[in-house]
>>> print(open('start-v6.cif').read())   # mmCIF, C-alpha atoms
data_data
#
loop_
_atom_site.label_atom_id
_atom_site.label_comp_id
_atom_site.auth_asym_id
_atom_site.auth_seq_id
_atom_site.Cartn_x
_atom_site.Cartn_y
_atom_site.Cartn_z
CA MET A 1 0.00 0.00 0.00
CA ILE A 2 2.82 2.44 0.78
CA GLU A 3 4.05 2.31 -2.83
CA LYS A 4 0.57 3.26 -4.02
CA ILE A 5 0.41 6.11 -1.50
CA LEU A 6 3.80 7.50 -2.53
CA LEU A 7 2.83 7.51 -6.19
CA GLU A 8 -0.61 8.95 -5.42
CA ASN A 9 0.99 11.92 -3.65
CA TYR A 10 3.65 12.32 -6.33
CA TYR A 11 1.02 12.50 -9.10
CA LYS A 12 -0.97 15.02 -7.08
CA TYR A 13 2.09 17.08 -6.08
CA PRO A 14 4.68 16.44 -8.82
CA LEU A 15 7.15 19.03 -7.49
CA MET A 16 7.71 17.08 -4.27
CA GLN A 17 11.35 16.93 -3.20
CA ALA A 18 13.09 14.15 -1.26
CA GLN A 19 12.52 15.90 2.06
CA ASP A 20 8.79 16.15 1.29
CA PHE A 21 8.68 12.39 0.86
CA PHE A 22 10.63 11.91 4.10
CA LYS A 23 8.16 14.17 5.87
CA LEU A 24 5.20 12.27 4.45
CA LEU A 25 6.67 8.90 5.46
CA TYR A 26 7.55 10.12 8.95
CA GLN A 27 4.05 11.49 9.54
CA GLY A 28 2.51 8.35 8.08
CA GLU A 29 4.45 6.21 10.52
CA PHE A 30 4.40 8.30 13.70
CA GLY A 31 1.46 10.64 13.21
CA GLY A 32 1.47 14.33 14.03
CA ALA A 33 2.52 14.34 17.70
CA HIS A 34 5.59 16.47 16.96
CA ALA A 35 3.36 19.34 15.75
CA CYS A 36 0.63 18.95 18.34
CA ALA A 37 -0.02 21.41 21.18
CA ASP A 38 -0.79 20.02 24.60
CA SER A 39 -4.45 21.03 24.73
CA GLN A 40 -7.43 21.05 22.41
CA LYS A 41 -7.97 24.74 23.11
CA SER A 42 -4.45 25.59 21.92
CA ILE A 43 -4.83 23.43 18.83
CA LEU A 44 -8.15 25.05 17.93
CA SER A 45 -6.64 28.50 18.35
CA GLN A 46 -3.72 27.58 16.09
CA ILE A 47 -6.03 26.22 13.39
CA LYS A 48 -8.26 29.30 13.43
CA ASN A 49 -5.25 31.59 13.22
CA GLU A 50 -3.81 29.55 10.37
CA LEU A 51 -7.07 29.71 8.43
CA LYS A 52 -7.00 33.51 8.56
CA HIS A 53 -3.78 33.57 6.54
CA ILE A 54 -4.37 30.80 4.01
CA GLU A 55 -4.43 31.57 0.31
CA THR A 56 -7.01 28.98 -0.70
CA THR A 57 -6.32 29.33 -4.43
CA THR A 58 -3.00 27.51 -4.13
CA THR A 59 -4.08 24.81 -1.68
CA SER A 60 -5.11 21.21 -2.38
CA SER A 61 -8.68 20.78 -3.63
CA SER A 62 -9.09 17.41 -1.88
CA LEU A 63 -10.25 17.06 1.71
CA ILE A 64 -7.68 14.41 2.58
CA ASP A 65 -4.34 13.10 1.41
CA ASN A 66 -3.48 9.50 2.26
CA ILE A 67 -0.03 9.16 3.82
CA SER A 68 -0.15 5.61 5.21
CA ALA A 69 -2.56 2.80 6.02
CA ASN A 70 -3.09 4.40 9.42
CA GLN A 71 -2.72 8.16 8.92
CA LEU A 72 -3.99 10.89 6.62
CA ARG A 73 -3.65 14.64 6.19
CA VAL A 74 -6.82 16.72 6.51
CA ASN A 75 -6.47 19.82 4.35
CA LEU A 76 -7.71 22.76 6.41
CA PRO A 77 -9.11 25.08 3.69
CA VAL A 78 -11.24 22.29 2.18
CA PHE A 79 -12.34 21.12 5.62
CA TYR A 80 -13.37 24.65 6.53
CA SER A 81 -15.14 25.22 3.21
CA LYS A 82 -17.35 22.23 3.95
CA ASN A 83 -18.47 23.80 7.25
CA LEU A 84 -17.13 20.86 9.23
CA ASN A 85 -16.55 21.23 12.95
CA LEU A 86 -13.14 22.64 13.83
CA ASP A 87 -13.62 21.73 17.49
CA THR A 88 -13.97 18.07 16.61
CA LEU A 89 -10.99 18.22 14.26
CA SER A 90 -8.77 19.80 16.94
CA GLU A 91 -9.84 17.13 19.42
CA MET A 92 -9.20 14.40 16.84
CA PHE A 93 -5.73 15.78 16.10
CA LEU A 94 -4.88 15.71 19.80
CA ILE A 95 -6.20 12.19 20.40
CA SER A 96 -4.57 10.92 17.20
CA ALA A 97 -1.23 12.31 18.37
CA LYS A 98 -1.58 10.59 21.74
CA THR A 99 -2.57 7.20 20.33
CA SER A 100 -0.35 6.87 17.23
CA ILE A 101 2.62 4.54 17.58
CA GLY A 102 5.23 3.81 14.93
CA THR A 103 8.66 2.20 14.63
CA MET A 104 11.97 3.17 13.08
CA GLU A 105 12.09 -0.25 11.44
CA ASN A 106 8.91 0.51 9.49
CA LEU A 107 10.08 4.01 8.59
CA THR A 108 13.33 2.58 7.22
CA LYS A 109 11.39 0.07 5.09
CA LYS A 110 9.19 2.84 3.73
CA ILE A 111 12.14 5.01 2.78
CA PHE A 112 13.69 2.03 0.98
CA ILE A 113 10.46 1.66 -1.04
CA PHE A 114 10.67 5.37 -1.90
CA GLU A 115 14.30 4.92 -3.02
CA THR A 116 13.27 1.98 -5.21
CA LEU A 117 10.57 4.02 -6.93
CA VAL A 118 13.17 6.70 -7.67
CA LYS A 119 15.66 4.10 -8.91
CA ASN A 120 13.02 2.65 -11.23
CA LYS A 121 12.21 6.15 -12.50
CA GLN A 122 8.61 6.00 -11.26
CA ILE A 123 9.43 9.12 -9.26
CA LEU A 124 11.61 11.47 -11.27
CA LEU A 125 14.23 12.57 -8.78
CA PRO A 126 18.01 12.01 -9.02
CA TYR A 127 18.61 8.58 -7.47
CA VAL A 128 22.14 9.20 -6.16
CA SER A 129 21.07 12.40 -4.41
CA VAL A 130 17.98 10.71 -2.94
CA LYS A 131 20.02 7.73 -1.72
CA SER A 132 22.54 10.05 -0.07
CA ALA A 133 19.78 12.16 1.50
CA ALA A 134 18.04 9.03 2.80
CA ILE A 135 21.20 7.73 4.49
CA LYS A 136 21.74 11.11 6.11
CA TYR A 137 18.10 11.41 7.21
CA LEU A 138 17.96 7.95 8.76
CA THR A 139 20.98 8.62 10.98
CA ASP A 140 18.79 10.97 12.99
CA ALA A 141 15.25 10.59 11.66
CA LYS A 142 13.03 13.33 13.03
CA PRO A 143 10.28 15.72 11.92
CA ILE A 144 11.36 18.05 9.12
CA SER A 145 9.78 20.92 7.22
CA HIS A 146 8.47 20.83 3.68
CA SER A 147 10.85 22.01 0.98
CA ILE A 148 10.65 25.60 -0.17
CA THR A 149 9.53 24.31 -3.58
CA TYR A 150 6.62 22.43 -2.01
CA LYS A 151 5.60 25.36 0.17
CA LEU A 152 5.64 27.87 -2.67
CA ASN A 153 3.71 25.68 -5.09
CA TYR A 154 1.23 23.91 -2.82
CA ASN A 155 0.84 26.15 0.21
CA PRO A 156 0.28 23.19 2.58
CA HIS A 157 -2.02 23.64 5.56
CA TYR A 158 -3.23 20.41 7.11
CA ARG A 159 -3.46 18.33 10.27
CA VAL A 160 -2.44 14.67 10.50
CA VAL A 161 -5.05 12.40 12.07
CA ARG A 162 -5.65 8.69 12.33
CA ARG A 163 -7.52 7.25 9.37
CA ASP A 164 -9.89 5.10 11.45
CA PHE A 165 -10.87 8.14 13.53
CA PHE A 166 -11.48 10.42 10.55
CA ASP A 167 -13.58 7.78 8.79
CA MET A 168 -15.94 8.11 11.75
CA PHE A 169 -15.84 11.91 11.88
CA PRO A 170 -19.65 12.36 11.47
CA VAL A 171 -20.24 9.91 14.32
CA ILE A 172 -17.67 11.47 16.65
CA ASP A 173 -19.03 14.91 15.83
CA ARG A 174 -22.58 13.75 16.73
CA ILE A 175 -21.38 12.12 19.96
CA ASN A 176 -19.61 15.32 20.97
CA ALA A 177 -22.74 17.33 20.20
CA ILE A 178 -24.71 15.37 22.80
CA SER A 179 -21.83 14.82 25.22
CA ARG A 180 -23.81 16.63 27.93
CA LYS A 181 -25.83 13.43 28.30
CA LYS A 182 -24.62 11.21 31.11
CA ILE A 183 -25.23 8.06 29.07
CA ILE A 184 -25.05 7.76 25.28
CA THR A 185 -26.07 4.57 23.47
CA ILE A 186 -25.00 3.85 19.91
CA ALA A 187 -25.92 1.08 17.48
CA ILE A 188 -23.44 0.29 14.72
CA GLU A 189 -25.47 -1.53 12.08
CA GLY A 190 -24.46 -2.64 8.62
CA ASN A 191 -24.06 -5.62 6.34
CA SER A 192 -21.36 -8.22 6.96
CA GLY A 193 -17.90 -7.01 5.96
CA SER A 194 -18.80 -3.33 6.19
CA GLY A 195 -16.46 -2.68 9.14
CA LYS A 196 -18.74 -2.69 12.19
CA THR A 197 -16.29 -4.34 14.59
CA TYR A 198 -13.35 -2.36 13.21
CA TYR A 199 -15.03 1.01 13.65
CA ALA A 200 -16.55 0.13 17.02
CA GLU A 201 -13.00 -0.55 18.18
CA ALA A 202 -11.86 2.75 16.68
CA LEU A 203 -14.48 4.60 18.74
CA ARG A 204 -13.47 2.66 21.85
CA LYS A 205 -9.85 3.78 21.33
CA TYR A 206 -10.98 7.35 20.70
CA TYR A 207 -13.05 7.65 23.87
CA ALA A 208 -10.90 5.24 25.92
CA ASP A 209 -12.24 4.51 29.39
CA LYS A 210 -15.49 6.40 28.72
CA CYS A 211 -16.58 3.79 26.18
CA ASN A 212 -17.95 0.24 26.31
CA VAL A 213 -18.43 -1.99 23.26
CA PHE A 214 -20.88 -4.89 23.15
CA HIS A 215 -21.30 -7.31 20.25
CA ALA A 216 -24.64 -8.38 18.79
CA ASP A 217 -22.99 -11.71 17.92
CA ASP A 218 -23.09 -12.47 21.65
CA PHE A 219 -26.88 -12.17 21.58
CA PHE A 220 -27.79 -14.60 18.83
CA LEU A 221 -30.75 -16.86 19.41
CA PRO A 222 -30.02 -20.05 21.43
CA ALA A 223 -30.94 -23.40 19.90
CA ASN A 224 -33.98 -23.98 22.12
CA MET A 225 -35.62 -20.77 20.80
CA ARG A 226 -35.08 -21.42 17.09
CA THR A 227 -38.64 -22.30 16.22
CA SER A 228 -40.04 -21.86 12.72
CA VAL A 229 -42.29 -19.08 14.01
CA ARG A 230 -39.40 -17.20 15.58
CA LEU A 231 -37.06 -17.60 12.62
CA SER A 232 -39.79 -16.42 10.25
CA GLN A 233 -39.54 -12.98 11.91
CA ILE A 234 -37.25 -10.47 10.23
CA GLY A 235 -34.37 -10.20 12.66
CA GLY A 236 -35.84 -13.00 14.76
CA ASN A 237 -32.51 -14.82 14.81
CA ILE A 238 -31.21 -12.33 17.37
CA HIS A 239 -32.15 -12.71 21.03
CA TYR A 240 -33.43 -9.15 21.08
CA GLU A 241 -35.15 -9.62 24.44
CA ARG A 242 -31.77 -10.01 26.15
CA LEU A 243 -30.34 -7.16 24.12
CA TYR A 244 -33.25 -4.97 25.21
CA LYS A 245 -32.50 -5.83 28.86
CA LEU A 246 -28.83 -4.94 28.35
CA LEU A 247 -29.82 -1.52 27.03
CA GLU A 248 -32.20 -1.04 29.95
CA ASP A 249 -29.42 -1.88 32.41
CA ILE A 250 -26.99 0.45 30.64
CA SER A 251 -29.52 3.31 30.91
CA LYS A 252 -29.35 3.05 34.72
CA GLY A 253 -25.68 4.08 34.70
CA LYS A 254 -24.51 1.15 36.76
CA SER A 255 -22.21 -1.77 36.05
CA VAL A 256 -23.98 -4.36 33.90
CA ASN A 257 -23.94 -8.13 34.05
CA TYR A 258 -25.02 -10.19 31.08
CA LYS A 259 -24.58 -13.60 29.48
CA LYS A 260 -22.47 -13.97 26.36
CA TYR A 261 -23.82 -16.61 23.99
CA ASN A 262 -21.51 -18.93 22.03
CA CYS A 263 -23.17 -20.15 18.81
CA GLU A 264 -20.73 -23.02 18.30
CA THR A 265 -21.29 -24.60 21.73
CA ASP A 266 -24.81 -23.28 22.44
CA THR A 267 -23.60 -22.17 25.88
CA TYR A 268 -23.35 -18.94 27.88
CA THR A 269 -20.54 -17.30 29.81
CA ASP A 270 -21.03 -14.57 32.39
CA GLU A 271 -19.77 -11.13 31.40
CA SER A 272 -19.78 -7.72 33.05
CA ALA A 273 -18.93 -4.13 32.15
CA GLN A 274 -18.29 -1.07 34.24
CA PRO A 275 -20.43 2.05 33.73
CA GLY A 276 -19.43 4.07 30.68
CA GLN A 277 -20.79 7.29 29.25
CA ILE A 278 -20.64 5.91 25.71
CA ASN A 279 -22.04 2.44 25.07
CA ILE A 280 -21.83 0.85 21.63
CA ILE A 281 -23.71 -2.21 20.40
CA GLU A 282 -22.16 -3.33 17.13
CA GLY A 283 -23.47 -5.93 14.76
CA VAL A 284 -26.22 -6.76 12.33
CA TYR A 285 -29.64 -6.69 14.03
CA SER A 286 -28.40 -4.51 16.91
CA ALA A 287 -31.33 -2.14 16.22
CA SER A 288 -33.91 -4.78 15.31
CA ASN A 289 -37.40 -5.46 16.65
CA GLY A 290 -38.08 -2.16 18.40
CA LEU A 291 -34.54 -1.71 19.72
CA ALA A 292 -33.88 1.33 17.50
CA GLU A 293 -35.76 3.63 19.86
CA LYS A 294 -33.33 2.73 22.67
CA TYR A 295 -30.38 4.37 20.91
CA ASP A 296 -29.25 7.99 20.83
CA ILE A 297 -27.35 7.38 17.60
CA ILE A 298 -27.64 4.72 14.93
CA VAL A 299 -24.73 4.29 12.52
CA LYS A 300 -25.27 2.34 9.32
CA LEU A 301 -22.15 1.12 7.55
CA CYS A 302 -22.51 0.00 3.94
CA ALA A 303 -20.30 -2.06 1.64
CA ASN A 304 -21.26 -3.19 -1.85
CA CYS A 305 -21.39 -6.86 -2.82
CA VAL A 306 -17.90 -6.96 -4.39
CA THR A 307 -16.21 -5.31 -1.42
CA GLN A 308 -18.23 -7.40 1.02
CA GLN A 309 -17.29 -10.75 -0.50
CA LYS A 310 -13.65 -9.75 -0.85
CA ARG A 311 -13.47 -8.87 2.85
CA LEU A 312 -15.41 -11.94 3.98
CA LEU A 313 -13.16 -14.21 1.92
CA SER A 314 -10.06 -12.61 3.42
CA ARG A 315 -11.49 -12.81 6.92
CA SER A 316 -13.13 -16.23 6.97
CA GLY A 317 -12.06 -18.29 3.97
CA GLU A 318 -13.93 -19.93 1.10
CA ASP A 319 -16.00 -22.42 3.13
CA ILE A 320 -17.43 -19.80 5.51
CA LEU A 321 -18.05 -17.44 2.59
CA LYS A 322 -20.31 -20.09 1.04
CA LYS A 323 -22.35 -20.16 4.26
CA TYR A 324 -22.59 -16.37 4.20
CA LYS A 325 -23.82 -16.39 0.61
CA GLY A 326 -26.23 -19.28 1.11
CA ILE A 327 -27.69 -18.49 4.53
CA TRP A 328 -26.67 -15.33 6.34
CA LEU A 329 -26.44 -12.69 3.62
CA PRO A 330 -29.98 -13.30 2.28
CA LEU A 331 -31.31 -12.86 5.84
CA GLU A 332 -29.31 -9.65 6.25
CA ASN A 333 -30.52 -8.29 2.93
CA LYS A 334 -34.13 -8.96 3.87
CA TYR A 335 -33.56 -7.24 7.21
CA PHE A 336 -32.14 -4.08 5.66
CA GLU A 337 -34.86 -4.01 3.00
CA ASN A 338 -37.35 -3.70 5.86
CA ASN A 339 -35.27 -1.39 8.09
CA ASN A 340 -34.04 1.79 6.45
CA PHE A 341 -33.11 3.65 9.68
CA PRO A 342 -33.85 7.05 8.09
CA ASN A 343 -32.19 9.03 10.88
CA ALA A 344 -29.02 6.95 10.89
CA ILE A 345 -25.58 8.29 10.08
CA THR A 346 -24.76 6.37 6.89
CA ILE A 347 -21.13 5.73 6.01
CA HIS A 348 -20.07 3.89 2.86
CA THR A 349 -16.88 1.95 3.47
CA ASP A 350 -16.12 0.66 -0.04
CA ASP A 351 -13.36 3.24 -0.49
CA LYS A 352 -11.93 2.52 2.96
CA ASP A 353 -9.77 -0.59 2.84
CA ILE A 354 -10.22 -1.38 6.52
CA HIS A 355 -7.91 -4.38 6.45
CA SER A 356 -5.05 -2.69 4.62
CA GLN A 357 -1.47 -2.54 5.83
CA ASP A 358 1.50 -0.53 4.60
CA PHE A 359 3.43 -3.66 3.63
#
>>> encode(input="start-v6.cif", output="structure tokens")
Amino acid sequence: MIEKILLENYYKYPLMQAQDFFKLLYQGEFGGAHACADSQKSILSQIKNELKHIETTTTSSSLIDNISANQLRVNLPVFYSKNLNLDTLSEMFLISAKTSIGTMENLTKKIFIFETLVKNKQILLPYVSVKSAAIKYLTDAKPISHSITYKLNYNPHYRVVRRDFFDMFPVIDRINAISRKKIITIAIEGNSGSGKTYYAEALRKYYADKCNVFHADDFFLPANMRTSVRLSQIGGNIHYERLYKLLEDISKGKSVNYKKYNCETDTYTDESAQPGQINIIEGVYSASNGLAEKYDIIVKLCANCVTQQKRLLSRSGEDILKKYKGIWLPLENKYFENNNFPNAITIHTDDKDIHSQDF
């Protein structure tokens, strides 16, 4: 993926110099902690001041630039022109800086890939000079500025944030808008392979100890309840009665105790969770059978058939994919045909390769 990202940026900004590539690779590996103030208030002030002096005519027209599998640059003028929330962006920049971890080993590998692209003339820079500059840079790799050429031609003004956080920007922005509530409940719905578990985990990392995540998979219907009448219901294959009780217990703001169901063994294990302000139920059917009204926010993730099957094959293998296609996906499709969730935050994840890595 890193080769694709380097070429993508080179085609977009063809006057990039070696130090601009080093900067991109460093930020992509370690995030933006080196440029991050120690408080959201300070960051917000810096962004607002920066926006006052930006010449938008020479700045990128795209909202984001990909710089690694885990990080991206959010271009401030475009972000601002879309009337997106600067408070949320400043918070996201701060939390991204605190939670981004990289290694020198990975940075060295990435710079070698950059050198190879230059050597193969896919990036038109002098190879000997780039090789020499790379050796020098890696002896004391640290944050560096953009080249004068880059600054004059592209007028860069951006903030580096984690990709998984920014993908969920509308959700985080909505959560922050109702943060005065003592307890916030969120359903993350969506078809299989759309990224529900991945993005629930991203939100848990973002909000840390304020956030609990529960999985609808743990509330599937036990064998003794799988009658023809029950399974004829749309969404009847979820034990929504127990899920309803969980949401009721969460609403009381106390620690919750519940039973986690194992489909393979048809058994339960006892689970518990401490009180959290933000409580996420992720999984298909998490808002089924009257449960939707129990949530403050419903998120609907969507992936098309091609993306879905590619991800399911990668995740589960050919045999399980056949079961998805023959049994589970038709049930899901019927469920979503009858549940539009008109007030949900809808996020299409086809362009977000949630299982990608740099190497």
>>> atom_distance(input="start-v6.cif", atom1="atom CA of Ile54 of chain A", atom2="atom CA of Ile67 of chain A")
22.1 Å
>>> resolve_selection(input="start-v6.cif", expression="the PyMOL selection byres ((chain A and resi 202-219) around 8)", output="number ranges by chain")
A: 95, 164-165, 168, 172, 198-201, 220-221, 238-240, 242-243, 260-262, 273, 276-286
>>> resolve_selection(input="start-v6.cif", expression="the PyMOL selection byres ((chain A and resi 92) around 10)", output="VMD selection string")
chain A and resid 40 86 to 91 93 to 98 159 to 162 165 to 166 169 172 to 173 206
>>> atom_distance(input="start-v6.cif", atom1="atom CA of Ile178 of chain A", atom2="atom CA of Asn85 of chain A")
14.1 Å
>>> resolve_selection(input="start-v6.cif", expression="the PyMOL selection byres ((chain A and resi 124) around 12)", output="PyMOL selection string")
chain A and resi 7+10-11+14-18+114-123+125-130
>>> write_last_selection(input="start-v6.cif", atoms="C-alpha atoms", output="compact mmCIF listing (two decimals), in the coordinates of the input")
# COMPACT_ATOMS: atom_id res chain seq x y z
CA LEU A 7 2.83 7.51 -6.19
CA TYR A 10 3.65 12.32 -6.33
CA TYR A 11 1.02 12.50 -9.10
CA PRO A 14 4.68 16.44 -8.82
CA LEU A 15 7.15 19.03 -7.49
CA MET A 16 7.71 17.08 -4.27
CA GLN A 17 11.35 16.93 -3.20
CA ALA A 18 13.09 14.15 -1.26
CA PHE A 114 10.67 5.37 -1.90
CA GLU A 115 14.30 4.92 -3.02
CA THR A 116 13.27 1.98 -5.21
CA LEU A 117 10.57 4.02 -6.93
CA VAL A 118 13.17 6.70 -7.67
CA LYS A 119 15.66 4.10 -8.91
CA ASN A 120 13.02 2.65 -11.23
CA LYS A 121 12.21 6.15 -12.50
CA GLN A 122 8.61 6.00 -11.26
CA ILE A 123 9.43 9.12 -9.26
CA LEU A 125 14.23 12.57 -8.78
CA PRO A 126 18.01 12.01 -9.02
CA TYR A 127 18.61 8.58 -7.47
CA VAL A 128 22.14 9.20 -6.16
CA SER A 129 21.07 12.40 -4.41
CA VAL A 130 17.98 10.71 -2.94
>>> atom_distance(input="start-v6.cif", atom1="atom CA of Ile186 of chain A", atom2="atom CA of Glu293 of chain A")
10.8 Å
>>> closest_residue(input="start-v6.cif", among="A:Leu247, A:Leu301, A:Leu331, A:Leu51", to="Thr197 of chain A", atoms="all atoms listed in the file")
A:Leu301
>>> residues_around(input="start-v6.cif", residues="segment 311-321 of chain A", least_positions_apart="5", cutoff="12 Å", atoms="only C-alpha atoms", output="ChimeraX atom specification")
/A:191-195,303-306,326-329,349-350,352-356
>>> residues_around(input="start-v6.cif", residues="Ala292 of chain A", least_positions_apart="2", cutoff="12 Å", atoms="all atoms listed in the file", output="list of chain:residue names")
A:Thr185, A:Ile186, A:Ala187, A:Ile188, A:Glu189, A:Tyr240, A:Leu243, A:Tyr244, A:Leu247, A:Ile281, A:Tyr285, A:Ser286, A:Ala287, A:Ser288, A:Asn289, A:Gly290, A:Lys294, A:Tyr295, A:Asp296, A:Ile297, A:Ile298, A:Val299, A:Lys300, A:Asn339, A:Asn340, A:Phe341, A:Pro342, A:Asn343, A:Ala344
>>> closest_residue(input="start-v6.cif", among="A:Phe79, A:Tyr335, A:Tyr154, A:Phe22", to="Phe112 of chain A", atoms="all atoms listed in the file")
A:Phe22
>>> closest_residue(input="start-v6.cif", among="A:Asn155, A:Phe30, A:Ile111, A:Ile5", to="Ser132 of chain A", atoms="all atoms listed in the file")
A:Ile111
>>> closest_residue(input="start-v6.cif", among="A:Met1, A:Val256, A:Ile101, A:Leu76", to="Ala33 of chain A", atoms="all atoms listed in the file")
A:Ile101
>>> residues_near_point(input="start-v6.cif", point="(-25.9, -23.8, 25.9)", cutoff="12 Å", atoms="all atoms listed in the file", output="compact mmCIF listing (two decimals) with C-alpha atoms, in the coordinates of the input")
# COMPACT_ATOMS: atom_id res chain seq x y z
CA PHE A 220 -27.79 -14.60 18.83
CA LEU A 221 -30.75 -16.86 19.41
CA PRO A 222 -30.02 -20.05 21.43
CA ALA A 223 -30.94 -23.40 19.90
CA ASN A 224 -33.98 -23.98 22.12
CA MET A 225 -35.62 -20.77 20.80
CA LYS A 259 -24.58 -13.60 29.48
CA LYS A 260 -22.47 -13.97 26.36
CA TYR A 261 -23.82 -16.61 23.99
CA ASN A 262 -21.51 -18.93 22.03
CA CYS A 263 -23.17 -20.15 18.81
CA GLU A 264 -20.73 -23.02 18.30
CA THR A 265 -21.29 -24.60 21.73
CA ASP A 266 -24.81 -23.28 22.44
CA THR A 267 -23.60 -22.17 25.88
CA TYR A 268 -23.35 -18.94 27.88
CA THR A 269 -20.54 -17.30 29.81
>>> closest_residue(input="start-v6.cif", among="A:Lys196, A:Glu337, A:Lys254, A:Gln357", to="Ser68 of chain A", atoms="all atoms listed in the file")
A:Gln357
>>> closest_residue(input="start-v6.cif", among="A:Lys252, A:Arg226, A:His146, A:Arg163", to="Ile183 of chain A", atoms="all atoms listed in the file")
A:Lys252
>>> residues_near_point(input="start-v6.cif", point="(2.8, 8.1, 13.1)", cutoff="6 Å", atoms="only C-alpha atoms", output="ChimeraX atom specification")
/A:27-31,100-102
>>> decode(input="start-v6.cif", residues="segment 180-198 of chain A", atoms="N, CA and C atoms", output="PDB file, in the first residue's frame")
ATOM      1  N   ARG A 180     -23.249  16.221  26.638  1.00  0.00           N
ATOM      2  CA  ARG A 180     -23.807  16.632  27.930  1.00  0.00           C
ATOM      3  C   ARG A 180     -24.609  15.506  28.573  1.00  0.00           C
ATOM      4  N   LYS A 181     -25.073  14.553  27.755  1.00  0.00           N
ATOM      5  CA  LYS A 181     -25.827  13.429  28.300  1.00  0.00           C
ATOM      6  C   LYS A 181     -24.915  12.543  29.138  1.00  0.00           C
ATOM      7  N   LYS A 182     -25.425  12.070  30.240  1.00  0.00           N
ATOM      8  CA  LYS A 182     -24.623  11.206  31.108  1.00  0.00           C
ATOM      9  C   LYS A 182     -24.376   9.849  30.467  1.00  0.00           C
ATOM     10  N   ILE A 183     -25.356   9.366  29.708  1.00  0.00           N
ATOM     11  CA  ILE A 183     -25.229   8.055  29.071  1.00  0.00           C
ATOM     12  C   ILE A 183     -25.644   8.179  27.611  1.00  0.00           C
ATOM     13  N   ILE A 184     -24.785   7.713  26.713  1.00  0.00           N
ATOM     14  CA  ILE A 184     -25.046   7.759  25.279  1.00  0.00           C
ATOM     15  C   ILE A 184     -24.994   6.328  24.750  1.00  0.00           C
ATOM     16  N   THR A 185     -26.043   5.902  24.049  1.00  0.00           N
ATOM     17  CA  THR A 185     -26.069   4.567  23.468  1.00  0.00           C
ATOM     18  C   THR A 185     -26.028   4.661  21.943  1.00  0.00           C
ATOM     19  N   ILE A 186     -25.234   3.797  21.352  1.00  0.00           N
ATOM     20  CA  ILE A 186     -25.001   3.849  19.907  1.00  0.00           C
ATOM     21  C   ILE A 186     -25.124   2.452  19.324  1.00  0.00           C
ATOM     22  N   ALA A 187     -25.873   2.323  18.246  1.00  0.00           N
ATOM     23  CA  ALA A 187     -25.920   1.077  17.484  1.00  0.00           C
ATOM     24  C   ALA A 187     -25.077   1.248  16.226  1.00  0.00           C
ATOM     25  N   ILE A 188     -24.182   0.312  15.987  1.00  0.00           N
ATOM     26  CA  ILE A 188     -23.445   0.292  14.720  1.00  0.00           C
ATOM     27  C   ILE A 188     -23.971  -0.881  13.908  1.00  0.00           C
ATOM     28  N   GLU A 189     -24.841  -0.556  12.956  1.00  0.00           N
ATOM     29  CA  GLU A 189     -25.474  -1.529  12.075  1.00  0.00           C
ATOM     30  C   GLU A 189     -24.693  -1.604  10.767  1.00  0.00           C
ATOM     31  N   GLY A 190     -25.074  -2.552   9.935  1.00  0.00           N
ATOM     32  CA  GLY A 190     -24.463  -2.643   8.617  1.00  0.00           C
ATOM     33  C   GLY A 190     -24.324  -4.080   8.168  1.00  0.00           C
ATOM     34  N   ASN A 191     -24.185  -4.267   6.854  1.00  0.00           N
ATOM     35  CA  ASN A 191     -24.055  -5.624   6.339  1.00  0.00           C
ATOM     36  C   ASN A 191     -22.696  -6.219   6.685  1.00  0.00           C
ATOM     37  N   SER A 192     -22.600  -7.522   6.617  1.00  0.00           N
ATOM     38  CA  SER A 192     -21.361  -8.217   6.959  1.00  0.00           C
ATOM     39  C   SER A 192     -20.219  -7.708   6.089  1.00  0.00           C
ATOM     40  N   GLY A 193     -19.062  -7.492   6.700  1.00  0.00           N
ATOM     41  CA  GLY A 193     -17.904  -7.014   5.965  1.00  0.00           C
ATOM     42  C   GLY A 193     -17.842  -5.516   5.797  1.00  0.00           C
ATOM     43  N   SER A 194     -18.784  -4.787   6.371  1.00  0.00           N
ATOM     44  CA  SER A 194     -18.801  -3.327   6.192  1.00  0.00           C
ATOM     45  C   SER A 194     -17.906  -2.599   7.194  1.00  0.00           C
ATOM     46  N   GLY A 195     -17.409  -3.308   8.209  1.00  0.00           N
ATOM     47  CA  GLY A 195     -16.465  -2.685   9.136  1.00  0.00           C
ATOM     48  C   GLY A 195     -17.009  -2.374  10.508  1.00  0.00           C
ATOM     49  N   LYS A 196     -18.082  -3.018  10.914  1.00  0.00           N
ATOM     50  CA  LYS A 196     -18.737  -2.687  12.188  1.00  0.00           C
ATOM     51  C   LYS A 196     -17.801  -2.890  13.388  1.00  0.00           C
ATOM     52  N   THR A 197     -17.181  -4.056  13.463  1.00  0.00           N
ATOM     53  CA  THR A 197     -16.289  -4.342  14.592  1.00  0.00           C
ATOM     54  C   THR A 197     -15.067  -3.425  14.568  1.00  0.00           C
ATOM     55  N   TYR A 198     -14.531  -3.217  13.384  1.00  0.00           N
ATOM     56  CA  TYR A 198     -13.346  -2.363  13.213  1.00  0.00           C
ATOM     57  C   TYR A 198     -13.618  -0.941  13.697  1.00  0.00           C
TER      58      TYR A 198
END
